[in-house]
Each structure stands twice: as structure tokens, then as C-alpha cells.
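Peer 1: Data: final-v2.tsv, TSV, C-alpha atoms and all ligand atoms.
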```
chain	number	residue	atom	x	y	z
H	1	MET	CA	61.31	36.17	17.24
H	2	GLY	CA	58.68	35.02	19.73
H	3	PHE	CA	55.75	32.80	18.79
H	4	TYR	CA	53.22	35.63	18.50
H	5	GLU	CA	55.56	37.96	16.55
H	6	ASP	CA	56.30	35.12	14.15
H	7	TYR	CA	52.55	34.37	13.85
H	8	ALA	CA	51.76	38.01	13.06
H	9	ALA	CA	54.58	38.23	10.52
H	10	ARG	CA	53.31	35.13	8.69
H	11	THR	CA	49.60	36.01	8.70
H	12	PRO	CA	48.99	39.70	7.80
H	13	LYS	CA	46.09	38.81	5.48
H	14	SER	CA	44.37	36.85	8.24
H	15	ALA	CA	44.86	39.83	10.57
H	16	ALA	CA	43.15	42.08	8.02
H	17	ALA	CA	40.39	39.51	7.39
H	18	ALA	CA	39.75	39.25	11.13
H	19	LYS	CA	39.46	43.02	11.44
H	20	ARG	CA	36.99	43.18	8.54
H	21	ALA	CA	34.93	40.27	9.90
H	22	GLN	CA	34.90	41.48	13.50
H	23	ALA	CA	32.99	44.61	12.48
H	24	VAL	CA	30.00	42.53	11.33
H	25	ILE	CA	30.36	39.10	12.96
H	26	PRO	CA	30.87	38.75	16.74
H	27	GLY	CA	34.51	37.79	17.21
H	28	GLY	CA	34.81	37.55	13.43
H	29	VAL	CA	34.02	33.84	13.63
H	30	GLY	CA	31.00	31.59	13.10
H	31	SER	CA	31.45	29.71	16.38
H	32	ALA	CA	33.38	30.79	19.48
H	33	ILE	CA	35.64	27.76	19.23
H	34	GLN	CA	37.02	29.12	15.95
H	35	PHE	CA	38.47	32.13	17.75
H	36	TRP	CA	41.87	32.25	19.35
H	37	PRO	CA	43.96	35.25	20.32
H	38	PRO	CA	45.20	37.43	18.78
H	39	TYR	CA	43.11	36.27	15.76
H	40	PRO	CA	42.58	32.97	13.97
H	41	ILE	CA	43.98	32.15	10.56
H	42	TYR	CA	41.42	32.62	7.80
H	43	VAL	CA	41.31	29.69	5.40
H	44	ASP	CA	41.52	30.09	1.67
H	45	ASP	CA	41.75	26.51	0.43
H	46	SER	CA	41.88	22.92	1.60
H	47	ARG	CA	42.67	19.53	0.14
H	48	GLY	CA	43.13	16.13	1.77
H	49	ALA	CA	44.92	16.67	5.08
H	50	TYR	CA	46.05	20.22	4.24
H	51	ILE	CA	44.72	23.73	4.52
H	52	TRP	CA	46.12	26.98	3.17
H	53	ASP	CA	45.49	30.34	4.79
H	54	LEU	CA	44.96	33.66	2.99
H	55	ASP	CA	48.70	34.32	3.12
H	56	GLY	CA	49.44	31.04	1.34
H	57	ASN	CA	50.84	29.25	4.44
H	58	LYS	CA	50.25	25.51	4.25
H	59	TYR	CA	49.28	23.54	7.35
H	60	ILE	CA	48.64	19.91	8.21
H	61	ASP	CA	45.12	19.88	9.61
H	62	TYR	CA	45.17	17.61	12.67
H	63	SER	CA	41.66	18.63	13.65
H	64	MET	CA	39.71	18.06	10.43
H	65	CYS	CA	36.89	20.13	11.84
H	66	TYR	CA	36.68	17.86	14.90
H	67	ALA	CA	36.15	14.79	12.67
H	68	ALA	CA	33.47	16.23	10.42
H	69	MET	CA	36.08	16.19	7.65
H	70	VAL	CA	37.30	12.69	8.47
H	71	ALA	CA	37.12	11.86	4.74
H	72	GLY	CA	39.61	14.63	3.98
H	73	HIS	CA	39.14	18.13	2.63
H	74	ALA	CA	37.66	18.44	-0.87
H	75	ASN	CA	37.37	14.67	-1.15
H	76	PRO	CA	36.63	14.02	-4.85
H	77	VAL	CA	34.23	11.14	-4.10
H	78	ILE	CA	32.09	13.33	-1.86
H	79	ASN	CA	32.35	16.33	-4.15
H	80	GLU	CA	31.10	14.18	-7.01
H	81	ALA	CA	28.12	12.98	-4.96
H	82	ILE	CA	27.26	16.57	-4.04
H	83	LYS	CA	27.62	17.76	-7.63
H	84	GLU	CA	25.45	14.95	-8.91
H	85	GLN	CA	22.75	15.80	-6.34
H	86	THR	CA	22.85	19.56	-7.03
H	87	GLU	CA	21.88	18.82	-10.61
H	88	ARG	CA	18.65	17.27	-9.32
H	89	GLY	CA	18.01	19.90	-6.66
H	90	ILE	CA	19.24	20.35	-3.13
H	91	LEU	CA	16.08	20.63	-1.04
H	92	TYR	CA	12.59	19.29	-1.67
H	93	GLY	CA	10.76	19.64	1.63
H	94	MET	CA	9.57	16.15	0.73
H	95	PRO	CA	11.29	12.83	1.23
H	96	GLY	CA	13.74	11.32	-1.24
H	97	GLU	CA	15.43	7.94	-1.21
H	98	SER	CA	18.98	8.78	-0.18
H	99	ALA	CA	17.88	9.34	3.44
H	100	THR	CA	16.49	5.78	3.53
H	101	ASP	CA	19.70	4.43	1.98
H	102	LEU	CA	21.77	6.30	4.54
H	103	ALA	CA	19.53	5.11	7.38
H	104	LEU	CA	20.04	1.52	6.21
H	105	GLU	CA	23.81	2.01	5.94
H	106	ILE	CA	23.93	3.39	9.50
H	107	GLN	CA	21.70	0.56	10.73
H	108	ARG	CA	24.11	-1.96	9.16
H	109	ARG	CA	26.89	-0.44	11.25
H	110	TYR	CA	24.81	0.02	14.41
H	111	PRO	CA	22.60	-3.01	15.13
H	112	VAL	CA	21.18	-1.09	18.13
H	113	ILE	CA	19.65	1.47	15.76
H	114	ASP	CA	16.30	0.06	14.63
H	115	MET	CA	15.15	3.47	13.41
H	116	ILE	CA	16.78	6.84	12.89
H	117	ARG	CA	15.85	10.47	12.23
H	118	PHE	CA	18.18	13.01	10.61
H	119	THR	CA	18.94	16.53	11.84
H	120	GLN	CA	21.34	19.25	10.64
H	121	SER	CA	23.76	19.12	13.53
H	122	GLY	CA	24.88	17.40	16.69
H	123	VAL	CA	23.20	19.91	18.95
H	124	GLU	CA	19.82	19.07	17.49
H	125	ALA	CA	20.54	15.35	17.66
H	126	THR	CA	21.22	15.50	21.42
H	127	MET	CA	18.29	17.86	22.02
H	128	TYR	CA	15.83	15.52	20.31
H	129	ALA	CA	17.31	12.39	21.88
H	130	VAL	CA	16.85	13.89	25.34
H	131	ARG	CA	13.31	15.03	24.48
H	132	LEU	CA	12.53	11.51	23.35
H	133	ALA	CA	13.97	10.02	26.55
H	134	ARG	CA	11.87	12.44	28.61
H	135	ALA	CA	8.77	11.63	26.58
H	136	ALA	CA	9.34	7.90	26.93
H	137	THR	CA	9.99	7.86	30.68
H	138	GLY	CA	7.87	10.79	31.80
H	139	ASN	CA	10.88	11.91	33.86
H	140	MET	CA	12.57	15.28	33.41
H	141	GLY	CA	15.99	14.69	35.01
H	142	ILE	CA	19.13	14.33	32.88
H	143	LEU	CA	22.46	12.93	33.97
H	144	LYS	CA	25.56	14.11	32.16
H	145	VAL	CA	29.30	13.95	32.66
H	146	GLU	CA	31.34	16.85	33.99
H	147	GLY	CA	33.44	18.34	31.18
H	148	ALA	CA	31.35	16.76	28.43
H	149	TYR	CA	29.95	18.93	25.66
H	150	HIS	CA	26.79	17.82	23.88
H	151	GLY	CA	26.02	21.00	21.94
H	152	ALA	CA	24.91	24.42	23.15
H	153	ASN	CA	21.28	23.64	23.95
H	154	ASP	CA	19.94	25.03	27.23
H	155	MET	CA	19.51	21.76	29.10
H	156	LEU	CA	22.95	20.34	28.24
H	157	LEU	CA	25.12	23.43	28.46
H	158	VAL	CA	25.91	22.50	32.02
H	159	SER	CA	29.40	21.84	33.44
H	160	THR	CA	30.88	21.50	29.97
H	161	ALA	CA	34.15	23.32	30.56
H	162	VAL	CA	34.14	24.32	34.21
H	163	PRO	CA	37.54	25.78	35.08
H	164	SER	CA	39.24	23.92	37.93
H	165	ASP	CA	38.92	26.88	40.30
H	166	VAL	CA	35.14	27.01	39.72
H	167	ALA	CA	34.43	23.27	39.56
H	168	ALA	CA	32.26	22.81	42.59
H	169	GLY	CA	31.76	19.85	44.85
H	170	PRO	CA	33.91	16.76	45.24
H	171	ALA	CA	34.88	15.03	41.99
H	172	TRP	CA	32.37	12.22	42.56
H	173	MET	CA	29.52	14.66	43.29
H	174	PRO	CA	30.04	17.67	41.01
H	175	SER	CA	27.63	20.59	41.18
H	176	SER	CA	25.80	21.63	38.02
H	177	VAL	CA	27.33	24.81	36.61
H	178	VAL	CA	25.35	26.55	33.87
H	179	GLU	CA	27.68	27.78	31.14
H	180	SER	CA	25.87	30.61	29.40
H	181	ALA	CA	23.97	33.73	30.24
H	182	GLY	CA	20.37	33.70	29.08
H	183	ILE	CA	19.42	30.20	30.18
H	184	PRO	CA	16.37	30.11	32.46
H	185	ASP	CA	16.77	28.13	35.68
H	186	GLY	CA	14.01	25.70	34.74
H	187	ALA	CA	15.95	24.65	31.65
H	188	TRP	CA	19.07	23.36	33.36
H	189	GLN	CA	18.07	22.67	36.95
H	190	HIS	CA	17.04	19.12	36.07
H	191	THR	CA	20.52	18.43	34.70
H	192	TYR	CA	22.71	16.59	37.18
H	193	VAL	CA	26.41	15.93	36.75
H	194	VAL	CA	28.60	12.89	37.36
H	195	GLN	CA	32.32	12.25	36.91
H	196	PHE	CA	33.43	10.12	33.95
H	197	ASN	CA	34.97	6.73	34.77
H	198	ASP	CA	33.54	7.03	38.27
H	199	LEU	CA	30.83	4.51	39.14
H	200	GLU	CA	30.46	5.76	42.69
H	201	SER	CA	29.57	9.16	41.27
H	202	LEU	CA	27.01	7.67	38.89
H	203	GLU	CA	25.36	5.49	41.48
H	204	TYR	CA	25.20	8.37	43.95
H	205	GLN	CA	23.25	10.54	41.49
H	206	LEU	CA	21.07	7.64	40.31
H	207	LYS	CA	20.05	6.93	43.90
H	208	LYS	CA	19.66	10.58	44.89
H	209	HIS	CA	17.36	11.35	41.94
H	210	GLU	CA	15.72	7.94	41.65
H	211	GLY	CA	12.39	8.17	39.85
H	212	ASP	CA	13.24	11.57	38.34
H	213	ILE	CA	15.93	10.70	35.76
H	214	ALA	CA	15.01	10.19	32.11
H	215	CYS	CA	18.46	9.49	30.72
H	216	PHE	CA	22.18	9.37	31.18
H	217	ILE	CA	23.80	11.00	28.16
H	218	LEU	CA	27.52	10.47	27.77
H	219	GLU	CA	30.29	10.31	25.26
H	220	PRO	CA	31.46	6.69	25.62
H	221	CYS	CA	34.97	8.03	25.02
H	222	MET	CA	35.30	11.64	26.18
H	223	THR	CA	36.62	13.91	23.47
H	224	ASN	CA	36.21	17.50	24.53
H	225	GLY	CA	39.18	19.16	26.20
H	226	GLY	CA	41.27	16.06	25.55
H	227	VAL	CA	40.47	12.45	24.80
H	228	ILE	CA	39.66	10.22	27.79
H	229	PRO	CA	38.84	6.61	26.88
H	230	PRO	CA	36.59	4.60	29.21
H	231	ASP	CA	38.31	2.49	31.86
H	232	THR	CA	37.97	-1.26	31.38
H	233	GLY	CA	34.54	-2.36	32.55
H	234	TYR	CA	33.19	1.18	33.05
H	235	LEU	CA	30.67	1.19	30.21
H	236	GLU	CA	29.44	-2.33	31.03
H	237	LYS	CA	28.69	-1.18	34.57
H	238	VAL	CA	27.07	2.04	33.27
H	239	ARG	CA	24.75	-0.12	31.16
H	240	GLU	CA	23.93	-2.34	34.12
H	241	LEU	CA	23.26	0.56	36.51
H	242	THR	CA	21.12	2.55	34.07
H	243	LYS	CA	19.00	-0.55	33.44
H	244	ARG	CA	18.70	-1.20	37.16
H	245	TYR	CA	17.48	2.36	37.83
H	246	GLY	CA	15.17	2.49	34.77
H	247	VAL	CA	17.21	5.24	33.12
H	248	LEU	CA	17.68	5.37	29.35
H	249	LEU	CA	21.29	5.35	28.15
H	250	ILE	CA	22.22	7.73	25.34
H	251	PHE	CA	25.60	7.39	23.68
H	252	ASP	CA	26.54	10.75	22.20
H	253	GLU	CA	28.64	9.57	19.29
H	254	VAL	CA	28.73	12.90	17.47
H	255	LYS	CA	32.52	12.82	17.47
H	256	VAL	CA	33.29	9.10	17.65
H	257	GLY	CA	30.43	7.71	15.55
H	258	CYS	CA	31.52	5.87	12.39
H	259	ARG	CA	35.01	7.00	13.28
H	260	ILE	CA	36.68	4.97	16.01
H	261	ALA	CA	35.14	1.93	14.31
H	262	ALA	CA	32.66	1.43	11.47
H	263	GLY	CA	29.97	1.07	14.12
H	264	GLY	CA	31.51	3.70	16.39
H	265	ALA	CA	31.65	3.25	20.15
H	266	CYS	CA	28.83	0.69	20.21
H	267	GLU	CA	31.00	-1.64	18.12
H	268	LYS	CA	34.32	-0.69	19.68
H	269	TYR	CA	33.18	-1.26	23.27
H	270	GLY	CA	30.44	-3.82	22.60
H	271	ILE	CA	27.72	-1.96	24.51
H	272	GLU	CA	24.08	-1.43	23.52
H	273	PRO	CA	22.72	1.94	24.59
H	274	ASP	CA	19.04	2.80	24.13
H	275	LEU	CA	19.69	5.79	21.87
H	276	VAL	CA	22.65	7.02	19.84
H	277	THR	CA	23.34	10.51	18.53
H	278	LEU	CA	25.49	11.00	15.46
H	279	ALA	CA	26.81	13.86	13.33
H	280	LYS	CA	30.14	14.91	11.81
H	281	ALA	CA	31.52	11.80	10.01
H	282	ILE	CA	28.07	10.63	8.86
H	283	GLY	CA	27.65	13.76	6.72
H	284	GLY	CA	30.97	13.61	4.93
H	285	GLY	CA	31.54	17.22	6.00
H	286	THR	CA	28.05	18.52	5.26
H	287	PRO	CA	25.76	19.63	8.11
H	288	LEU	CA	24.09	16.36	9.04
H	289	GLY	CA	23.21	14.88	12.40
H	290	ALA	CA	21.00	12.02	13.52
H	291	PHE	CA	19.47	10.31	16.51
H	292	GLY	CA	18.28	6.75	16.55
H	293	GLY	CA	17.81	3.66	18.61
H	294	LYS	CA	15.30	1.12	19.77
H	295	ARG	CA	12.10	0.86	17.79
H	296	GLU	CA	9.78	1.23	20.76
H	297	LEU	CA	11.41	4.58	21.54
H	298	MET	CA	11.60	5.85	17.96
H	299	ASN	CA	7.92	4.95	17.55
H	300	MET	CA	7.22	7.88	19.86
H	301	ILE	CA	8.45	10.40	17.28
H	302	THR	CA	5.88	12.42	15.34
H	303	PRO	CA	3.86	11.46	13.30
H	304	LEU	CA	3.89	8.04	15.04
H	305	GLY	CA	3.83	9.41	18.58
H	306	PRO	CA	3.78	12.53	20.74
H	307	ALA	CA	7.49	13.54	20.73
H	308	VAL	CA	7.93	16.31	18.17
H	309	HIS	CA	10.75	16.32	15.64
H	310	PHE	CA	10.50	18.93	12.88
H	311	GLY	CA	12.92	20.73	10.58
H	312	THR	CA	12.83	22.35	7.15
H	313	TYR	CA	16.24	20.96	6.24
H	314	ASN	CA	15.88	17.55	7.88
H	315	ALA	CA	17.12	14.66	5.74
H	316	ASN	CA	17.81	17.02	2.86
H	317	PRO	CA	19.16	15.22	-0.20
H	318	LEU	CA	22.39	17.21	-0.36
H	319	THR	CA	23.64	16.10	3.04
H	320	THR	CA	22.31	12.56	2.83
H	321	ALA	CA	23.93	12.06	-0.60
H	322	ALA	CA	27.25	13.32	0.79
H	323	GLY	CA	26.88	11.13	3.88
H	324	LEU	CA	26.08	8.08	1.83
H	325	ALA	CA	29.15	8.59	-0.38
H	326	CYS	CA	31.29	9.08	2.72
H	327	LEU	CA	30.10	5.95	4.53
H	328	ARG	CA	29.86	3.67	1.52
H	329	LYS	CA	32.83	4.73	-0.55
H	330	VAL	CA	35.32	6.48	1.72
H	331	LEU	CA	34.97	5.01	5.22
H	332	THR	CA	35.53	1.42	4.14
H	333	LYS	CA	37.06	-1.39	6.25
H	334	ASP	CA	40.46	-0.56	4.75
H	335	THR	CA	40.09	3.09	5.70
H	336	TYR	CA	39.42	2.19	9.34
H	337	ARG	CA	42.54	0.00	9.39
H	338	LYS	CA	44.53	2.85	7.85
H	339	MET	CA	43.13	5.42	10.29
H	340	ASP	CA	44.07	3.17	13.22
H	341	ARG	CA	47.59	2.73	11.85
H	342	LEU	CA	47.98	6.49	11.41
H	343	GLY	CA	46.49	7.18	14.84
H	344	ASN	CA	48.95	4.79	16.50
H	345	LYS	CA	51.86	6.30	14.56
H	346	TYR	CA	50.78	9.81	15.52
H	347	ALA	CA	50.46	8.88	19.22
H	348	ALA	CA	53.86	7.13	19.19
H	349	GLY	CA	55.45	10.17	17.54
H	350	LEU	CA	53.94	12.54	20.08
H	351	LYS	CA	55.14	10.33	22.95
H	352	GLU	CA	58.65	10.29	21.53
H	353	ILE	CA	58.73	14.10	21.31
H	354	ILE	CA	57.35	14.47	24.85
H	355	GLU	CA	60.05	12.13	26.18
H	356	ARG	CA	62.81	13.77	24.19
H	357	LEU	CA	61.86	17.22	25.48
H	358	GLY	CA	61.09	15.98	29.00
H	359	LEU	CA	57.66	17.67	28.94
H	360	PRO	CA	55.19	17.09	31.80
H	361	ALA	CA	52.64	15.78	29.32
H	362	CYS	CA	51.14	12.56	28.07
H	363	VAL	CA	49.25	11.26	25.05
H	364	THR	CA	45.76	9.86	25.11
H	365	HIS	CA	44.04	8.38	22.10
H	366	GLU	CA	41.40	5.99	20.90
H	367	GLY	CA	42.43	4.84	17.45
H	368	PRO	CA	42.64	7.87	15.18
H	369	LEU	CA	41.28	10.25	17.78
H	370	GLY	CA	43.61	11.78	20.32
H	371	GLY	CA	46.33	14.21	21.23
H	372	ILE	CA	48.47	15.72	23.94
H	373	GLN	CA	47.35	16.30	27.51
H	374	PHE	CA	49.54	18.65	29.52
H	375	VAL	CA	49.37	16.59	32.70
H	376	PRO	CA	52.14	14.13	33.62
H	377	GLU	CA	49.85	11.13	34.22
H	378	ILE	CA	47.19	9.75	31.87
H	379	PRO	CA	43.92	11.33	33.07
H	380	HIS	CA	40.83	9.18	33.64
H	381	THR	CA	38.45	12.00	34.56
H	382	TYR	CA	37.72	15.57	33.51
H	383	ARG	CA	39.01	16.89	36.84
H	384	GLN	CA	42.37	15.18	36.28
H	385	ALA	CA	42.65	16.43	32.69
H	386	ASN	CA	41.52	19.91	33.69
H	387	LYS	CA	44.61	20.35	35.87
H	388	GLY	CA	46.59	20.55	32.61
H	389	ASN	CA	48.88	23.45	31.79
H	390	LYS	CA	46.63	25.86	29.86
H	391	LYS	CA	49.49	28.11	28.81
H	392	MET	CA	51.32	25.23	27.19
H	393	TRP	CA	48.10	24.04	25.63
H	394	ASN	CA	47.58	27.42	23.96
H	401	LIG	C1	30.04	15.06	21.68
H	401	LIG	C2	29.37	16.20	20.97
H	401	LIG	N1	28.03	16.25	20.95
H	401	LIG	C3	27.37	17.24	20.32
H	401	LIG	C4	28.06	18.24	19.66
H	401	LIG	C5	27.32	19.32	18.95
H	401	LIG	O1	27.44	19.10	17.58
H	401	LIG	P1	27.25	20.31	16.54
H	401	LIG	O2	28.45	21.20	16.68
H	401	LIG	O3	27.16	19.63	15.21
H	401	LIG	O4	25.98	20.98	16.89
H	401	LIG	C6	29.46	18.21	19.65
H	401	LIG	C7	30.22	19.25	18.95
H	401	LIG	O5	31.40	19.20	18.77
H	401	LIG	C8	30.14	17.18	20.32
H	401	LIG	O6	31.46	17.10	20.36
```
Spell out the structure here as C-alpha cells.

Peer 2:
Amino acid sequence: MGFYEDYAARTPKSAAAAKRAQAVIPGGVGSAIQFWPPYPIYVDDSRGAYIWDLDGNKYIDYSMCYAAMVAGHANPVINEAIKEQTERGILYGMPGESATDLALEIQRRYPVIDMIRFTQSGVEATMYAVRLARAATGNMGILKVEGAYHGANDMLLVSTAVPSDVAAGPAWMPSSVVESAGIPDGAWQHTYVVQFNDLESLEYQLKKHEGDIACFILEPCMTNGGVIPPDTGYLEKVRELTKRYGVLLIFDEVKVGCRIAAGGACEKYGIEPDLVTLAKAIGGGTPLGAFGGKRELMNMITPLGPAVHFGTYNANPLTTAAGLACLRKVLTKDTYRKMDRLGNKYAAGLKEIIERLGLPACVTHEGPLGGIQFVPEIPHTYRQANKGNKKMWN
């Protein structure tokens, strides 16, 4: 039996669920990434590192919702915190104390974060961080990395997953490719693209658009479409160059924050950006994001300054209580040591399988975060990773 025949034979209830959902929900999924052909499995239950689909098949979940579930599915500590909060209400539209406690916990992990504001998701966190950078500098230009995803907002949905046959321009001077219909030119035409781990590329764009760039937003360790850690010395030089050109540096730590170390990439790589965006792990699986950084910048946020940040569900007690339980009680020093051990074991196991089967593939990882890349040599840039064998990947 081939892979797809076997898949169909094992998942008839998911096939039926997909058909039912597709009539009322585009693609039958809540986010395009949840779809894969012929149809995704529909989940019935989850616990710890496991999920069960509607047909009762049990799977190890290596994705954990892209790190949002880093504490494990149905974690009893987080469930208890949520239950306790629900008894006192889940949304006030007025401040409570758990947001302050969570802010202080994040500040303890991230000395660079003097002040922080909470959002519901990563896409809002990056949107507000960029708005703040634009407000603070008066410049409209944004630098981002080719192949990096920072959420689906108009100004950042540029060159996020450009296929290799479309990727335009030399690797060190990529063109900006807008990735959705319905985005007005004015929204993305100030977004310029550089290649990760390529200082020539960064300096070229910094010089070309000198005086027009508000910020360089990047994932300090690339995570989308395969993990690409920074080359030695890259981030130090990024910090130096952005300072030299008067450009604010935003670390998008939505995926790596509080995950590759207690203090995320800032701690792991010892770099101080101006702003940091967070989500996923900080909410213990609930929809929580955040952006924070230097006090003089955060002082520009409403009501202190002119850069607007609003939101009915911002800093709601349900998500901040879950986040607090996750950071204080689950993601302890011991947990980070354990995650690193497991990450190393996982990477070593994958490498062994690749060697045994003689696959043209390699393994990239940063602590607990990583996986297979279907290219023979470790990639250092999106262009190199993007040459990977898509069929094998699927
Ligand atoms: C690096 C990065 N930034 C931002 C986002 C957007 O986060 P969200 O899906 O919570 O809106 C993602 C989503 O995966 C991400 O990986």
C-alpha cells in the first residue's frame, strides 16, 4: 500500500470531518498552514507529547503547535491556572494583576525589556513593534529577511516563502515579493529584503535606503521553512550595523522566545535588540503575544505617547494567568536543561537515520528546536534551504 492509500485507510473519520468542514470553512481549516493534501487529520484529544485523531490513531506531536504548546498538551499545571481564573471571570476590559506579574516575569528573563505590552498573537506583536519603530524614528522603511515569516500583516507579508523559481535578484540583494492578493502597494513597498547570515546584503540595503529605514526585524534564529541558526558573529555585526545606521533592531522571538533559553535568543546569543516580540510559549498555549523593549521607546505607546496600541482582549486575565503558570511553574531551569537534552537526542537520532538511509538531507537545530532539511549541506541562508527536495519534505 502506498503512503496516501495507507493514510486514507487509517483516517476515514478525518476525511469525513474535512468534507463537512470544507463546506463552511475555507479549506476546512482555521489557518492555511493546517491544511495538507488530501486532507489533514482532525484532532480529537491531546495529552503531553501525544495527539489522537478522530479515528483513534495516536501520534507523537513533534510540532507542538510550532512551540505554542511547549509545556505539553493538556498540561495539568496550566489547566489548573485557567480553571482557577475562569471562576473569577475571563475578561474584564479593565486591568488585573496577573498581566503585571507576567510582565515582571518576562522582564526577569529579558533584561532588555524595560516595559512590555500584551497582544493576542504574534502577528499583532510584530505589527505594533514595527509601528512603534516607525513612530520613534519617523522613517517608514522596514528591513526583513528573505524567507522569514512575521505574521500575515500587510507590511511584513513580503518574501516570506518565495519559491526558488520566483525568488528574484541575487541572494545578497533579493527583490521584495508580496505574498498575498489584496495588499495595496503602499503597504509593502517600504519593505526591503536582505539575506539571513549575509552582512554584505544587510549593509547594501542599509546604505541604499539610508535615512528611510525605521527597523530591521529578524528572527535571530530562522525557524520558518527549516531552522537556520545565526553564523558565529552575525548577530553581533547586525547590532553594530543597525546602530551605525540609526536603525532600530527588532528580534522577532515569537517562536524562540522563552524556548531556546529562559531569556530566548537575547540570552542565548548575548545580544541586546531595541525591541522584542513574543508569543507562543509565553501564553502556555493560550492566544497571547507581546512586544517590549527599551523604556524610551515603550514610552511612546498610548496613553503615554502617540503610537496607538488598542485591543479588547489585550492582557486578558485568562491568557496572562496561563502564561504565568507556564513560565513560573513549567518552564523552569530544569525544563530548559531537559528540553536541550531531548533536542540533542532528537537531532542525533535524525542524523543517524539520514546516514543509515543515505538520504541527501541534513539536520539543523538550536536546542529543542529543529528538524530535517532536504539539502545535503547545512544551509546558512533561505536560498540554500529553499533548494530542498519539496516532494520528500511532503
Ligand atoms: C517568527 C514569527 N513571527 C510571528 C508569527 C505570527 O504569530 P501568530 O501566528 O501568533 O500571529 C509567527 C507565526 O508562526 C512566527 O513564526

Peer 1: With only C-alpha atoms as the basis for distance, which of H:Thr319, H:Thr86, H:Asn224, H:Ser159 is at the shortest distance from Gly371 (chain H)?

Peer 2: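 Of all the options, H:Asn224 lies closest to Gly371 (chain H).
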
Peer 1: Could the centre and edge lengths of an axis-aligned box, enclosing all atoms of ligand LIG 401 (chain H) in the file with 5 Å extra on each side, be given in Å to one decimal as AutoDock Vina command-line options?

Peer 2:
```
--center_x 28.7 --center_y 18.1 --center_z 18.4 --size_x 15.5 --size_y 16.1 --size_z 16.5
```

Peer 1: Determine, using only C-alpha atoms and all ligand atoms, which residues of chain H have any atom at most 7 Å from an atom of ligand LIG 401 (chain H), and tabulate each with its shortest atom pair and distance in Å to one decimal place, rows ordered by chain and then rising number, as JSON lines.

Peer 2:
```
{"residue": "H:Tyr66", "atom": "CA", "partner": "H:LIG401", "partner_atom": "O5", "distance": 6.7}
{"residue": "H:Ser121", "atom": "CA", "partner": "H:LIG401", "partner_atom": "O3", "distance": 3.8}
{"residue": "H:Gly122", "atom": "CA", "partner": "H:LIG401", "partner_atom": "O1", "distance": 3.2}
{"residue": "H:Val123", "atom": "CA", "partner": "H:LIG401", "partner_atom": "O4", "distance": 3.6}
{"residue": "H:Glu124", "atom": "CA", "partner": "H:LIG401", "partner_atom": "O4", "distance": 6.5}
{"residue": "H:Thr126", "atom": "CA", "partner": "H:LIG401", "partner_atom": "C3", "distance": 6.5}
{"residue": "H:Tyr149", "atom": "CA", "partner": "H:LIG401", "partner_atom": "C2", "distance": 5.5}
{"residue": "H:His150", "atom": "CA", "partner": "H:LIG401", "partner_atom": "N1", "distance": 3.5}
{"residue": "H:Gly151", "atom": "CA", "partner": "H:LIG401", "partner_atom": "C5", "distance": 3.7}
{"residue": "H:Glu219", "atom": "CA", "partner": "H:LIG401", "partner_atom": "C1", "distance": 6.0}
{"residue": "H:Thr223", "atom": "CA", "partner": "H:LIG401", "partner_atom": "O6", "distance": 6.8}
{"residue": "H:Asn224", "atom": "CA", "partner": "H:LIG401", "partner_atom": "O6", "distance": 6.3}
{"residue": "H:Asp252", "atom": "CA", "partner": "H:LIG401", "partner_atom": "C1", "distance": 5.6}
{"residue": "H:Glu253", "atom": "CA", "partner": "H:LIG401", "partner_atom": "C1", "distance": 6.1}
{"residue": "H:Val254", "atom": "CA", "partner": "H:LIG401", "partner_atom": "C2", "distance": 4.9}
{"residue": "H:Lys255", "atom": "CA", "partner": "H:LIG401", "partner_atom": "O6", "distance": 5.3}
{"residue": "H:Ala279", "atom": "CA", "partner": "H:LIG401", "partner_atom": "O3", "distance": 6.1}
{"residue": "H:Lys280", "atom": "CA", "partner": "H:LIG401", "partner_atom": "O3", "distance": 6.5}
{"residue": "H:Gly289", "atom": "CA", "partner": "H:LIG401", "partner_atom": "O3", "distance": 6.8}
```

Peer 1: So which one's closest to Glu240 (chain H), H:Pro287, H:Pro273, H:Gly2, H:Gly48? Using only C-alpha atoms, please.

Peer 2: H:Pro273

Peer 1: Name all residues at most 6 Å from Asp55 (chain H) (count all atoms listed in the file; drop same-chain ones fewer than 2 positions away) and give them as a PyMOL selection string.

Peer 2: chain H and resi 11+13+53+57

Peer 1: Please, what distance in Å, to one decimal, runs between CA of Ile250 (chain H) and CA of Val130 (chain H)?

Peer 2: 8.2 Å

Peer 1: Within 10 Å of Gly264 (chain H), counting all atoms listed in the file, which residues show up once you throw out same-chain ones fewer than 2 positions away? Write them as a PDB file with C-alpha atoms, in the frame of the given file, please.

Peer 2:
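Dumped everything to out.pdb:
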```pdb
ATOM      1  CA  ARG H 109      26.890  -0.440  11.250  1.00  0.00           C
ATOM      2  CA  TYR H 110      24.810   0.020  14.410  1.00  0.00           C
ATOM      3  CA  PRO H 220      31.460   6.690  25.620  1.00  0.00           C
ATOM      4  CA  GLU H 253      28.640   9.570  19.290  1.00  0.00           C
ATOM      5  CA  VAL H 254      28.730  12.900  17.470  1.00  0.00           C
ATOM      6  CA  LYS H 255      32.520  12.820  17.470  1.00  0.00           C
ATOM      7  CA  VAL H 256      33.290   9.100  17.650  1.00  0.00           C
ATOM      8  CA  GLY H 257      30.430   7.710  15.550  1.00  0.00           C
ATOM      9  CA  CYS H 258      31.520   5.870  12.390  1.00  0.00           C
ATOM     10  CA  ARG H 259      35.010   7.000  13.280  1.00  0.00           C
ATOM     11  CA  ILE H 260      36.680   4.970  16.010  1.00  0.00           C
ATOM     12  CA  ALA H 261      35.140   1.930  14.310  1.00  0.00           C
ATOM     13  CA  ALA H 262      32.660   1.430  11.470  1.00  0.00           C
ATOM     14  CA  CYS H 266      28.830   0.690  20.210  1.00  0.00           C
ATOM     15  CA  GLU H 267      31.000  -1.640  18.120  1.00  0.00           C
ATOM     16  CA  LYS H 268      34.320  -0.690  19.680  1.00  0.00           C
ATOM     17  CA  TYR H 269      33.180  -1.260  23.270  1.00  0.00           C
ATOM     18  CA  GLY H 270      30.440  -3.820  22.600  1.00  0.00           C
ATOM     19  CA  LEU H 278      25.490  11.000  15.460  1.00  0.00           C
TER      20      LEU H 278
END
```

Peer 1: Which residues come within 12 Å of region 87-95 of chain H, counting all atoms listed in the file, excluding same-chain residues fewer than 6 positions away, as a list in words?

Peer 2: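 Counting all atoms listed in the file, the residues come to Glu80, Ala81, Asp101, Phe118, Phe310, Gly311, Thr312, Tyr313, Asn314, Ala315, Asn316, Pro317, Leu318, Thr319, Thr320, Ala321 and Ala322 of chain H.
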